[in-house]
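Colleague: Below is one structure. I have some questions about it.
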Amino acid sequence: MTPEAIARIKASHAAVGAMPRQLASRFYGALFGAAPGLRRLFPEDLTSLQGHFEGALALVVRNLDEVDALRESLRELGASHIHWGARPEDYEVARESLVIAIRSLSPDWSAELDSDWRAAITAIIVPMLEGAAVHTAMAAERLAGEID
Ligand code: HEM
């Protein structure tokens with residue numbers, strides 16, 4: 001992402017983040033609207049998860065200019081998501097849902113912000129999926145040692 005795009009994301013996030021829990025609750029609303037089957041993977045009470053989600057997003061947005069520094073943590077988060085039942089295709093629904101949530105809270109939405117946010121969210125989900133893939137590959141490797 002260009003420094004200009006990162007600056008636009010930070011400003012947009014600061015405006016949206018000024019309304020705590022709004023973003024997460026709209027995100028989960030959009031996610032479960034688009035994919036009702038995912039609701040059962042989550043706890044009934046989403047309150048603390050909403051806080052975790054907003055915290056994770058804020059951390060990534062703050063560090064967008066050095067996203068490599070977060071790569072390992074995001075990979076670990078992705079590996080944990082396997083246990084919670086997230087499938088690769090769910091991440092695209094999640095990206096769409098997050099864009100919808102941010103857009104719904106942004107009076108100054110534009111095509112540029114749309115593509116900036118998509119790029120930023122993609123920069124989060126790629127290492128998460130990589131982490132899930134590495135986790136799966138390691139399980140395959142471990143089991144492969146049991147053949148012969
Ligand atoms: C933009 C991508 C995503 C981010 C940044 C994200 C972030 C997080 C965070 C920070 C947590 C809390 C971790 C903790 O408590 O330590 C979490 C939990 C969880 N996430 Fe995600 N997530 C993403 C995508 C997804 C997707 C696509 C699914 C699909 C089903 C999903 C399902 C879950 C579930 C089921 C939990 C655990 C709920 C529980 O506590 O039982 N997430 N996520």
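Ligands are numbered from 1 in the order shown, chains are lettered A, B, ... in the order of the structure tokens, and residues start at 1 in each chain.
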Excluding region 97-99 of chain A and its own-chain neighbours fewer than 3 positions away, which residues fall within 10 Å of it when counting only C-alpha atoms? Please give them as a PyMOL selection string.
Modeller: chain A and resi 23-24+26-35+91-94+102-104+113-115+117-118+121
Colleague: For chain A against ligand 1, with a cut-off of 10 Å and counting only C-alpha atoms and all ligand atoms, what is the closest atom pair and its distance in Å to one decimal for every residue that makes the cut, ordered by chain and number, as JSON lines?
Modeller:
{"residue": "A:Phe27", "atom": "CA", "partner": "ligand 1", "partner_atom_place_in_ligand_line": "1 (C)", "distance": 9.9}
{"residue": "A:Tyr28", "atom": "CA", "partner": "ligand 1", "partner_atom_place_in_ligand_line": "42 (N)", "distance": 9.7}
{"residue": "A:Leu31", "atom": "CA", "partner": "ligand 1", "partner_atom_place_in_ligand_line": "27 (C)", "distance": 8.7}
{"residue": "A:Phe32", "atom": "CA", "partner": "ligand 1", "partner_atom_place_in_ligand_line": "30 (C)", "distance": 9.7}
{"residue": "A:Ala35", "atom": "CA", "partner": "ligand 1", "partner_atom_place_in_ligand_line": "30 (C)", "distance": 9.2}
{"residue": "A:Gly37", "atom": "CA", "partner": "ligand 1", "partner_atom_place_in_ligand_line": "30 (C)", "distance": 9.0}
{"residue": "A:Leu38", "atom": "CA", "partner": "ligand 1", "partner_atom_place_in_ligand_line": "30 (C)", "distance": 5.5}
{"residue": "A:Arg39", "atom": "CA", "partner": "ligand 1", "partner_atom_place_in_ligand_line": "30 (C)", "distance": 8.0}
{"residue": "A:Arg40", "atom": "CA", "partner": "ligand 1", "partner_atom_place_in_ligand_line": "35 (C)", "distance": 8.1}
{"residue": "A:Leu41", "atom": "CA", "partner": "ligand 1", "partner_atom_place_in_ligand_line": "35 (C)", "distance": 4.6}
{"residue": "A:Phe42", "atom": "CA", "partner": "ligand 1", "partner_atom_place_in_ligand_line": "35 (C)", "distance": 4.5}
{"residue": "A:Pro43", "atom": "CA", "partner": "ligand 1", "partner_atom_place_in_ligand_line": "41 (O)", "distance": 5.2}
{"residue": "A:Glu44", "atom": "CA", "partner": "ligand 1", "partner_atom_place_in_ligand_line": "41 (O)", "distance": 9.0}
{"residue": "A:Asp45", "atom": "CA", "partner": "ligand 1", "partner_atom_place_in_ligand_line": "40 (O)", "distance": 9.6}
{"residue": "A:Leu46", "atom": "CA", "partner": "ligand 1", "partner_atom_place_in_ligand_line": "38 (C)", "distance": 8.2}
{"residue": "A:Ser48", "atom": "CA", "partner": "ligand 1", "partner_atom_place_in_ligand_line": "15 (O)", "distance": 8.1}
{"residue": "A:Leu49", "atom": "CA", "partner": "ligand 1", "partner_atom_place_in_ligand_line": "12 (C)", "distance": 5.7}
{"residue": "A:Gln50", "atom": "CA", "partner": "ligand 1", "partner_atom_place_in_ligand_line": "12 (C)", "distance": 8.2}
{"residue": "A:Gly51", "atom": "CA", "partner": "ligand 1", "partner_atom_place_in_ligand_line": "10 (C)", "distance": 8.3}
{"residue": "A:His52", "atom": "CA", "partner": "ligand 1", "partner_atom_place_in_ligand_line": "10 (C)", "distance": 4.7}
{"residue": "A:Phe53", "atom": "CA", "partner": "ligand 1", "partner_atom_place_in_ligand_line": "10 (C)", "distance": 4.3}
{"residue": "A:Glu54", "atom": "CA", "partner": "ligand 1", "partner_atom_place_in_ligand_line": "10 (C)", "distance": 7.5}
{"residue": "A:Gly55", "atom": "CA", "partner": "ligand 1", "partner_atom_place_in_ligand_line": "10 (C)", "distance": 7.0}
{"residue": "A:Ala56", "atom": "CA", "partner": "ligand 1", "partner_atom_place_in_ligand_line": "10 (C)", "distance": 5.0}
{"residue": "A:Leu57", "atom": "CA", "partner": "ligand 1", "partner_atom_place_in_ligand_line": "5 (C)", "distance": 5.9}
{"residue": "A:Ala58", "atom": "CA", "partner": "ligand 1", "partner_atom_place_in_ligand_line": "5 (C)", "distance": 9.7}
{"residue": "A:Leu59", "atom": "CA", "partner": "ligand 1", "partner_atom_place_in_ligand_line": "5 (C)", "distance": 9.9}
{"residue": "A:Val60", "atom": "CA", "partner": "ligand 1", "partner_atom_place_in_ligand_line": "5 (C)", "distance": 8.6}
{"residue": "A:Leu74", "atom": "CA", "partner": "ligand 1", "partner_atom_place_in_ligand_line": "5 (C)", "distance": 8.1}
{"residue": "A:Leu77", "atom": "CA", "partner": "ligand 1", "partner_atom_place_in_ligand_line": "13 (C)", "distance": 7.0}
{"residue": "A:Gly78", "atom": "CA", "partner": "ligand 1", "partner_atom_place_in_ligand_line": "22 (N)", "distance": 7.9}
{"residue": "A:Ser80", "atom": "CA", "partner": "ligand 1", "partner_atom_place_in_ligand_line": "13 (C)", "distance": 7.9}
{"residue": "A:His81", "atom": "CA", "partner": "ligand 1", "partner_atom_place_in_ligand_line": "33 (C)", "distance": 6.0}
{"residue": "A:Ile82", "atom": "CA", "partner": "ligand 1", "partner_atom_place_in_ligand_line": "32 (C)", "distance": 8.7}
{"residue": "A:His83", "atom": "CA", "partner": "ligand 1", "partner_atom_place_in_ligand_line": "35 (C)", "distance": 8.2}
{"residue": "A:Trp84", "atom": "CA", "partner": "ligand 1", "partner_atom_place_in_ligand_line": "35 (C)", "distance": 4.4}
{"residue": "A:Gly85", "atom": "CA", "partner": "ligand 1", "partner_atom_place_in_ligand_line": "30 (C)", "distance": 5.8}
{"residue": "A:Ala86", "atom": "CA", "partner": "ligand 1", "partner_atom_place_in_ligand_line": "29 (C)", "distance": 3.8}
{"residue": "A:Arg87", "atom": "CA", "partner": "ligand 1", "partner_atom_place_in_ligand_line": "29 (C)", "distance": 6.4}
{"residue": "A:Pro88", "atom": "CA", "partner": "ligand 1", "partner_atom_place_in_ligand_line": "27 (C)", "distance": 7.3}
{"residue": "A:Glu89", "atom": "CA", "partner": "ligand 1", "partner_atom_place_in_ligand_line": "27 (C)", "distance": 7.6}
{"residue": "A:Asp90", "atom": "CA", "partner": "ligand 1", "partner_atom_place_in_ligand_line": "27 (C)", "distance": 4.4}
{"residue": "A:Tyr91", "atom": "CA", "partner": "ligand 1", "partner_atom_place_in_ligand_line": "27 (C)", "distance": 3.8}
{"residue": "A:Glu92", "atom": "CA", "partner": "ligand 1", "partner_atom_place_in_ligand_line": "27 (C)", "distance": 7.1}
{"residue": "A:Val93", "atom": "CA", "partner": "ligand 1", "partner_atom_place_in_ligand_line": "27 (C)", "distance": 6.9}
{"residue": "A:Ala94", "atom": "CA", "partner": "ligand 1", "partner_atom_place_in_ligand_line": "27 (C)", "distance": 5.0}
{"residue": "A:Arg95", "atom": "CA", "partner": "ligand 1", "partner_atom_place_in_ligand_line": "1 (C)", "distance": 6.0}
{"residue": "A:Glu96", "atom": "CA", "partner": "ligand 1", "partner_atom_place_in_ligand_line": "1 (C)", "distance": 9.5}
{"residue": "A:Ser97", "atom": "CA", "partner": "ligand 1", "partner_atom_place_in_ligand_line": "1 (C)", "distance": 9.2}
{"residue": "A:Leu98", "atom": "CA", "partner": "ligand 1", "partner_atom_place_in_ligand_line": "1 (C)", "distance": 7.4}
{"residue": "A:Ala120", "atom": "CA", "partner": "ligand 1", "partner_atom_place_in_ligand_line": "1 (C)", "distance": 9.6}
{"residue": "A:Ile121", "atom": "CA", "partner": "ligand 1", "partner_atom_place_in_ligand_line": "1 (C)", "distance": 6.1}
{"residue": "A:Thr122", "atom": "CA", "partner": "ligand 1", "partner_atom_place_in_ligand_line": "1 (C)", "distance": 7.9}
{"residue": "A:Ala123", "atom": "CA", "partner": "ligand 1", "partner_atom_place_in_ligand_line": "1 (C)", "distance": 9.2}
{"residue": "A:Ile124", "atom": "CA", "partner": "ligand 1", "partner_atom_place_in_ligand_line": "1 (C)", "distance": 6.2}
{"residue": "A:Ile125", "atom": "CA", "partner": "ligand 1", "partner_atom_place_in_ligand_line": "2 (C)", "distance": 5.4}
{"residue": "A:Val126", "atom": "CA", "partner": "ligand 1", "partner_atom_place_in_ligand_line": "2 (C)", "distance": 9.2}
{"residue": "A:Met128", "atom": "CA", "partner": "ligand 1", "partner_atom_place_in_ligand_line": "2 (C)", "distance": 7.6}
{"residue": "A:Leu129", "atom": "CA", "partner": "ligand 1", "partner_atom_place_in_ligand_line": "2 (C)", "distance": 9.5}
Colleague: Restrict the selected residues to C-alpha atoms and save them as a PDB file, in the first residue's frame.
Modeller:
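Output saved as again_7.pdb:
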ATOM      1  CA  PHE A  27     -19.304  -6.251  11.212  1.00  0.00           C
ATOM      2  CA  TYR A  28     -20.836  -9.272  12.945  1.00  0.00           C
ATOM      3  CA  LEU A  31     -21.230 -11.341   8.535  1.00  0.00           C
ATOM      4  CA  PHE A  32     -24.163 -13.289   9.971  1.00  0.00           C
ATOM      5  CA  ALA A  35     -23.492 -16.248   6.059  1.00  0.00           C
ATOM      6  CA  GLY A  37     -24.320 -20.652   9.128  1.00  0.00           C
ATOM      7  CA  LEU A  38     -21.286 -18.988  10.732  1.00  0.00           C
ATOM      8  CA  ARG A  39     -23.272 -17.750  13.754  1.00  0.00           C
ATOM      9  CA  ARG A  40     -23.030 -21.088  15.565  1.00  0.00           C
ATOM     10  CA  LEU A  41     -19.213 -20.907  15.587  1.00  0.00           C
ATOM     11  CA  PHE A  42     -19.316 -17.853  17.824  1.00  0.00           C
ATOM     12  CA  PRO A  43     -20.256 -17.512  21.487  1.00  0.00           C
ATOM     13  CA  GLU A  44     -23.817 -16.397  22.147  1.00  0.00           C
ATOM     14  CA  ASP A  45     -22.608 -13.243  23.877  1.00  0.00           C
ATOM     15  CA  LEU A  46     -20.340 -11.398  21.449  1.00  0.00           C
ATOM     16  CA  SER A  48     -15.854  -9.553  24.641  1.00  0.00           C
ATOM     17  CA  LEU A  49     -15.173 -10.794  21.113  1.00  0.00           C
ATOM     18  CA  GLN A  50     -16.218  -7.412  19.750  1.00  0.00           C
ATOM     19  CA  GLY A  51     -13.573  -5.807  21.944  1.00  0.00           C
ATOM     20  CA  HIS A  52     -10.908  -8.291  20.792  1.00  0.00           C
ATOM     21  CA  PHE A  53     -11.831  -7.759  17.178  1.00  0.00           C
ATOM     22  CA  GLU A  54     -11.696  -3.964  17.398  1.00  0.00           C
ATOM     23  CA  GLY A  55      -8.421  -4.187  19.317  1.00  0.00           C
ATOM     24  CA  ALA A  56      -6.847  -6.421  16.666  1.00  0.00           C
ATOM     25  CA  LEU A  57      -8.026  -4.166  13.859  1.00  0.00           C
ATOM     26  CA  ALA A  58      -6.741  -1.048  15.640  1.00  0.00           C
ATOM     27  CA  LEU A  59      -3.341  -2.686  16.182  1.00  0.00           C
ATOM     28  CA  VAL A  60      -3.029  -3.595  12.512  1.00  0.00           C
ATOM     29  CA  LEU A  74      -1.391 -12.676  12.273  1.00  0.00           C
ATOM     30  CA  LEU A  77      -4.252 -15.774  14.796  1.00  0.00           C
ATOM     31  CA  GLY A  78      -5.004 -17.561  11.499  1.00  0.00           C
ATOM     32  CA  SER A  80      -6.157 -20.412  15.930  1.00  0.00           C
ATOM     33  CA  HIS A  81      -9.024 -19.733  13.552  1.00  0.00           C
ATOM     34  CA  ILE A  82      -8.799 -23.306  12.238  1.00  0.00           C
ATOM     35  CA  HIS A  83      -9.901 -24.506  15.676  1.00  0.00           C
ATOM     36  CA  TRP A  84     -12.768 -22.036  15.650  1.00  0.00           C
ATOM     37  CA  GLY A  85     -13.969 -23.450  12.315  1.00  0.00           C
ATOM     38  CA  ALA A  86     -13.046 -20.628   9.896  1.00  0.00           C
ATOM     39  CA  ARG A  87     -12.681 -21.841   6.305  1.00  0.00           C
ATOM     40  CA  PRO A  88     -10.631 -20.000   3.655  1.00  0.00           C
ATOM     41  CA  GLU A  89     -13.758 -18.876   1.764  1.00  0.00           C
ATOM     42  CA  ASP A  90     -15.180 -17.353   4.965  1.00  0.00           C
ATOM     43  CA  TYR A  91     -12.397 -14.769   4.915  1.00  0.00           C
ATOM     44  CA  GLU A  92     -13.734 -13.248   1.709  1.00  0.00           C
ATOM     45  CA  VAL A  93     -17.190 -12.943   3.263  1.00  0.00           C
ATOM     46  CA  ALA A  94     -15.512 -11.392   6.317  1.00  0.00           C
ATOM     47  CA  ARG A  95     -13.654  -8.883   4.115  1.00  0.00           C
ATOM     48  CA  GLU A  96     -16.887  -7.876   2.400  1.00  0.00           C
ATOM     49  CA  SER A  97     -18.679  -7.617   5.761  1.00  0.00           C
ATOM     50  CA  LEU A  98     -15.970  -5.422   7.213  1.00  0.00           C
ATOM     51  CA  ALA A 120      -5.717  -3.207   4.063  1.00  0.00           C
ATOM     52  CA  ILE A 121      -8.077  -6.068   4.972  1.00  0.00           C
ATOM     53  CA  THR A 122      -6.430  -8.289   2.384  1.00  0.00           C
ATOM     54  CA  ALA A 123      -3.061  -7.502   4.015  1.00  0.00           C
ATOM     55  CA  ILE A 124      -4.552  -8.868   7.270  1.00  0.00           C
ATOM     56  CA  ILE A 125      -6.219 -11.979   5.925  1.00  0.00           C
ATOM     57  CA  VAL A 126      -3.354 -13.182   3.719  1.00  0.00           C
ATOM     58  CA  MET A 128      -3.962 -15.343   8.624  1.00  0.00           C
ATOM     59  CA  LEU A 129      -4.576 -17.813   5.780  1.00  0.00           C
TER      60      LEU A 129
END
Colleague: Write down as number ranges by chain the residues of region 7-127 of chain A whose backbone DSSP state falls under alpha helix (DSSP H).
Modeller: A: 7-17, 22-34, 47-62, 71-83, 88-104, 111-127
Colleague: Mind giving me the straight-line distance from CA of Val67 (chain A) to CA of Pro127 (chain A) in Å, one decimal?
Modeller: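 If I compute the distance from CA of Val67 (chain A) to CA of Pro127 (chain A), I get 9.9 Å.
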Colleague: Which residue, A:Ala5, A:Ala14, A:Ala79, A:Leu64, has the smallest gap to Met138 (chain A) when you use only C-alpha atoms?
Modeller: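 That would be A:Ala79, the residue with the smallest distance to Met138 (chain A).
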Colleague: Counting only C-alpha atoms, figure out which residue out of A:Gly131, A:Met1, A:Ile9, A:Trp109 gets nearest to Arg62 (chain A).
Modeller: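 That would be A:Ile9, the residue with the smallest distance to Arg62 (chain A).
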Colleague: CA of Ala119 (chain A) to CA of Ser73 (chain A): how many Å, to one decimal?
Modeller: 18.8 Å
Colleague: Nearest to Asp108 (chain A): which of A:Ala69, A:Ala132, A:Val61, A:Ala11 is it, counting only C-alpha atoms?
Modeller: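 Smallest distance to Asp108 (chain A) is found for A:Ala11.
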